[in-house]
Amino acid sequence: MQSSPFTLNSGHLPLLVSMPHNSSTIPSALANRMHPYAQSSPDTDWLLDSIYDFAVPMGLSLLKPHFSRYVIDLNRPEDDHSLYPGADTTGLCPINCFDRRPIYLPGQEPDEIEILGRIENYWQPYHQALQGEIERIKAEHGYVIVFEAHSIASEVPRFFEGSLPDLNLGTVGGQSCAPELQAAAEAILKSSTYSMVSNARFQGGYITRAYGKPSEGVHSLQLELSQATYLAEDSGSWLPGKVVRLQPVLQSLLNRLLETAQTMQHSS
């Protein structure tokens, strides 16, 4: 295992971008226990760090893991309770892919002791870093915006019917951030040429729910991108023409969140 299971770039602005599903890396000893098709971690939020490559130069903080969600899903609660009761979801240490194929070879699934070890080695360090950076930013600015960056294939029948809208904003039904921030985000997304929806299938994962405490000055929003907005999904290849169209929308979104939060702070 690497010396740290994550990379944190600390910025000078009060916005932290977290992308807990960005990595596709699986330690070789674990990959050897998986079916060949699972070893490539097909359910990764592909190339998000490249999509948001403007974040660190902007002065934002950026937190990303070194390992795949197949090792442990950092956007699930430590006790693995369901975020969408009654709906089909994947767990803390997934045992099947989004298309329901088994990840592990027969008899190779992790047991309870192994899962506890993964929590200690991967989950807890990421969340300690996340909490620490939130506290640092809040101490400096008086507030912080946690922006959860995600992406998913445009069609995943297991989770939703048909094709997903391009931009899927989640604020846990308005509970994880101030209403002014949700309105600002919606205004930017609606003014783009992309289809968008708020608080539909993707309302926000564990991080958005657990850390978004607007009454305490911690605001969290999740944006789930359809991968059709930047990838050729049949091959997984990067489409520069689509990327140059998408990135300005995302950058405008983050800038508007910062401007809105600053206005809120000054008027309080």
# chains A, B, ... in the order shown; residues from 1 in each chain; ligands from 1
>>> residues_around(residues="Leu105 (chain A)", least_positions_apart="4", cutoff="8 Å", atoms="only C-alpha atoms", output="mmCIF file with C-alpha atoms, in the first residue's frame")
data_model
loop_
_atom_site.group_PDB
_atom_site.id
_atom_site.type_symbol
_atom_site.label_atom_id
_atom_site.label_comp_id
_atom_site.auth_asym_id
_atom_site.auth_seq_id
_atom_site.Cartn_x
_atom_site.Cartn_y
_atom_site.Cartn_z
ATOM 1 C CA ARG A 33 -9.055 -12.537 -6.297
ATOM 2 C CA MET A 34 -11.347 -10.791 -8.785
ATOM 3 C CA HIS A 35 -12.796 -11.747 -12.143
ATOM 4 C CA GLU A 109 -15.291 -12.144 -1.210
#
>>> residues_around(residues="Ser176 (chain A)", least_positions_apart="5", cutoff="8 Å", atoms="only C-alpha atoms", output="PyMOL selection string")
chain A and resi 171+208-209+211-214+219-221
>>> write_last_selection(atoms="N, CA and C atoms", output="compact mmCIF listing (two decimals), in the first residue's frame")
# COMPACT_ATOMS: atom_id res chain seq x y z
N THR A 171 -28.43 17.87 -3.25
CA THR A 171 -28.24 18.58 -1.99
C THR A 171 -29.09 17.96 -0.89
N THR A 208 -21.91 13.99 1.19
CA THR A 208 -22.81 15.14 1.14
C THR A 208 -23.73 15.15 2.36
N ARG A 209 -24.24 13.99 2.71
CA ARG A 209 -25.19 13.89 3.83
C ARG A 209 -24.52 14.08 5.19
N TYR A 211 -21.47 15.49 5.94
CA TYR A 211 -20.67 16.69 6.19
C TYR A 211 -21.44 17.99 5.93
N GLY A 212 -22.50 17.93 5.14
CA GLY A 212 -23.27 19.14 4.87
C GLY A 212 -24.07 19.57 6.09
N LYS A 213 -23.61 20.61 6.76
CA LYS A 213 -24.28 21.14 7.96
C LYS A 213 -24.35 22.65 7.82
N PRO A 214 -25.28 23.14 6.99
CA PRO A 214 -25.30 24.57 6.70
C PRO A 214 -25.46 25.46 7.93
N HIS A 219 -21.28 23.70 3.93
CA HIS A 219 -22.26 23.50 2.87
C HIS A 219 -21.73 22.44 1.91
N SER A 220 -22.56 21.47 1.57
CA SER A 220 -22.11 20.40 0.67
C SER A 220 -23.09 20.21 -0.48
N LEU A 221 -22.52 20.05 -1.68
CA LEU A 221 -23.30 19.78 -2.88
C LEU A 221 -22.62 18.68 -3.67
>>> closest_residue(among="A:Gln222, A:Gln265, A:Ser215, A:Thr7", to="Lys64 (chain A)", atoms="only C-alpha atoms")
A:Thr7
>>> closest_atom_pairs(of="region 41-107 of chain A", to="region 117-134 of chain A", cutoff="12 Å", atoms="only C-alpha atoms", output="JSON lines")
{"residue": "A:Leu60", "atom": "CA", "partner": "A:Glu133", "partner_atom": "CA", "distance": 11.3}
{"residue": "A:Ser61", "atom": "CA", "partner": "A:Glu133", "partner_atom": "CA", "distance": 8.2}
{"residue": "A:Leu62", "atom": "CA", "partner": "A:Glu133", "partner_atom": "CA", "distance": 9.6}
{"residue": "A:Leu63", "atom": "CA", "partner": "A:Leu130", "partner_atom": "CA", "distance": 7.4}
{"residue": "A:Lys64", "atom": "CA", "partner": "A:Tyr126", "partner_atom": "CA", "distance": 8.4}
{"residue": "A:Pro65", "atom": "CA", "partner": "A:Tyr126", "partner_atom": "CA", "distance": 7.3}
{"residue": "A:His66", "atom": "CA", "partner": "A:Tyr122", "partner_atom": "CA", "distance": 9.2}
{"residue": "A:Phe67", "atom": "CA", "partner": "A:Tyr122", "partner_atom": "CA", "distance": 8.3}
{"residue": "A:Ser68", "atom": "CA", "partner": "A:Tyr122", "partner_atom": "CA", "distance": 10.3}
{"residue": "A:Arg69", "atom": "CA", "partner": "A:Trp123", "partner_atom": "CA", "distance": 10.3}
{"residue": "A:Tyr70", "atom": "CA", "partner": "A:Arg118", "partner_atom": "CA", "distance": 10.8}
{"residue": "A:Val71", "atom": "CA", "partner": "A:Arg118", "partner_atom": "CA", "distance": 7.4}
{"residue": "A:Ile72", "atom": "CA", "partner": "A:Arg118", "partner_atom": "CA", "distance": 6.7}
{"residue": "A:Asp73", "atom": "CA", "partner": "A:Trp123", "partner_atom": "CA", "distance": 7.7}
{"residue": "A:Leu74", "atom": "CA", "partner": "A:Trp123", "partner_atom": "CA", "distance": 5.7}
{"residue": "A:Asn75", "atom": "CA", "partner": "A:Trp123", "partner_atom": "CA", "distance": 9.0}
{"residue": "A:Arg76", "atom": "CA", "partner": "A:Trp123", "partner_atom": "CA", "distance": 9.3}
{"residue": "A:Pro77", "atom": "CA", "partner": "A:Trp123", "partner_atom": "CA", "distance": 9.4}
{"residue": "A:Glu78", "atom": "CA", "partner": "A:Ile119", "partner_atom": "CA", "distance": 7.2}
{"residue": "A:Asp79", "atom": "CA", "partner": "A:Ile119", "partner_atom": "CA", "distance": 9.8}
{"residue": "A:Asp80", "atom": "CA", "partner": "A:Ile119", "partner_atom": "CA", "distance": 10.9}
{"residue": "A:Leu92", "atom": "CA", "partner": "A:Ile119", "partner_atom": "CA", "distance": 9.0}
{"residue": "A:Cys93", "atom": "CA", "partner": "A:Arg118", "partner_atom": "CA", "distance": 8.6}
>>> write_last_selection(atoms="C-alpha atoms", output="PDB file, in the first residue's frame")
ATOM      1  CA  LEU A  60      -9.395  25.244  -4.439  1.00  0.00           C
ATOM      2  CA  SER A  61      -8.594  22.295  -2.211  1.00  0.00           C
ATOM      3  CA  LEU A  62      -8.743  18.895  -3.891  1.00  0.00           C
ATOM      4  CA  LEU A  63      -8.982  15.499  -2.223  1.00  0.00           C
ATOM      5  CA  LYS A  64      -8.814  12.263  -4.198  1.00  0.00           C
ATOM      6  CA  PRO A  65      -8.094   8.618  -3.298  1.00  0.00           C
ATOM      7  CA  HIS A  66      -5.377   6.368  -4.650  1.00  0.00           C
ATOM      8  CA  PHE A  67      -7.600   3.286  -4.799  1.00  0.00           C
ATOM      9  CA  SER A  68     -10.781   2.073  -6.467  1.00  0.00           C
ATOM     10  CA  ARG A  69     -14.254   1.990  -4.997  1.00  0.00           C
ATOM     11  CA  TYR A  70     -13.926  -1.804  -5.378  1.00  0.00           C
ATOM     12  CA  VAL A  71     -11.402  -1.704  -2.529  1.00  0.00           C
ATOM     13  CA  ILE A  72     -13.771   0.365  -0.417  1.00  0.00           C
ATOM     14  CA  ASP A  73     -16.429   2.910  -1.299  1.00  0.00           C
ATOM     15  CA  LEU A  74     -15.466   6.128   0.453  1.00  0.00           C
ATOM     16  CA  ASN A  75     -18.909   7.593  -0.239  1.00  0.00           C
ATOM     17  CA  ARG A  76     -20.727   4.984   1.827  1.00  0.00           C
ATOM     18  CA  PRO A  77     -21.185   5.062   5.602  1.00  0.00           C
ATOM     19  CA  GLU A  78     -18.777   3.120   7.755  1.00  0.00           C
ATOM     20  CA  ASP A  79     -21.619   0.938   9.055  1.00  0.00           C
ATOM     21  CA  ASP A  80     -22.797   0.281   5.463  1.00  0.00           C
ATOM     22  CA  LEU A  92     -19.183  -0.252   1.426  1.00  0.00           C
ATOM     23  CA  CYS A  93     -17.079  -3.073  -0.037  1.00  0.00           C
TER      24      CYS A  93
END
>>> select_by_dssp(residues="region 35-116 of chain A", states="alpha helix (DSSP H)", output="PyMOL selection string")
chain A and resi 48-51+55-58+112-116
>>> closest_residue(among="A:Gly217, A:Pro5, A:Pro110, A:Gly174", to="Lys138 (chain A)", atoms="only C-alpha atoms")
A:Gly217
>>> select_by_dssp(residues="region 21-212 of chain A", states="strand (DSSP E or B)", output="NGL selection string")
:A and (34 or 61-65 or 96 or 102 or 104 or 144-152 or 167-170 or 196-198)
>>> closest_residue(among="A:Gly107, A:Pro240, A:Gly142, A:Pro27", to="Leu15 (chain A)", atoms="only C-alpha atoms")
A:Gly142
>>> closest_residue(among="A:Gly241, A:Pro165, A:Pro94, A:Pro248", to="Leu225 (chain A)", atoms="only C-alpha atoms")
A:Pro165
>>> closest_residue(among="A:Ser163, A:Gln262, A:Asn32, A:Ser198", to="Ala185 (chain A)", atoms="only C-alpha atoms")
A:Ser198
>>> atom_distance(atom1="CA of Tyr194 (chain A)", atom2="CA of Ser23 (chain A)")
25.8 Å
>>> closest_residue(among="A:Ala261, A:Val156, A:Val197, A:Ala55", to="Leu223 (chain A)", atoms="only C-alpha atoms")
A:Val197
>>> residues_around(residues="Ser40 (chain A)", least_positions_apart="6", cutoff="9 Å", atoms="only C-alpha atoms", output="list in words")
Ser24, Thr25, Ile26 and Ala31 of chain A
>>> write_last_selection(atoms="N, CA, C and O atoms", output="short mmCIF file (atom, residue, chain, number, x, y, z; two decimals), in the first residue's frame")
data_model
loop_
_atom_site.label_atom_id
_atom_site.label_comp_id
_atom_site.auth_asym_id
_atom_site.auth_seq_id
_atom_site.Cartn_x
_atom_site.Cartn_y
_atom_site.Cartn_z
N SER A 24 -9.00 4.07 -10.27
CA SER A 24 -9.32 2.70 -10.69
C SER A 24 -8.30 1.69 -10.19
O SER A 24 -8.37 0.51 -10.53
N THR A 25 -7.36 2.12 -9.36
CA THR A 25 -6.27 1.25 -8.91
C THR A 25 -6.76 0.24 -7.88
O THR A 25 -7.43 0.60 -6.91
N ILE A 26 -6.39 -1.02 -8.08
CA ILE A 26 -6.69 -2.09 -7.14
C ILE A 26 -5.38 -2.80 -6.82
O ILE A 26 -4.66 -3.21 -7.73
N ALA A 31 -6.66 -7.72 -6.62
CA ALA A 31 -7.12 -7.91 -8.00
C ALA A 31 -7.06 -9.37 -8.41
O ALA A 31 -7.93 -9.85 -9.17
#
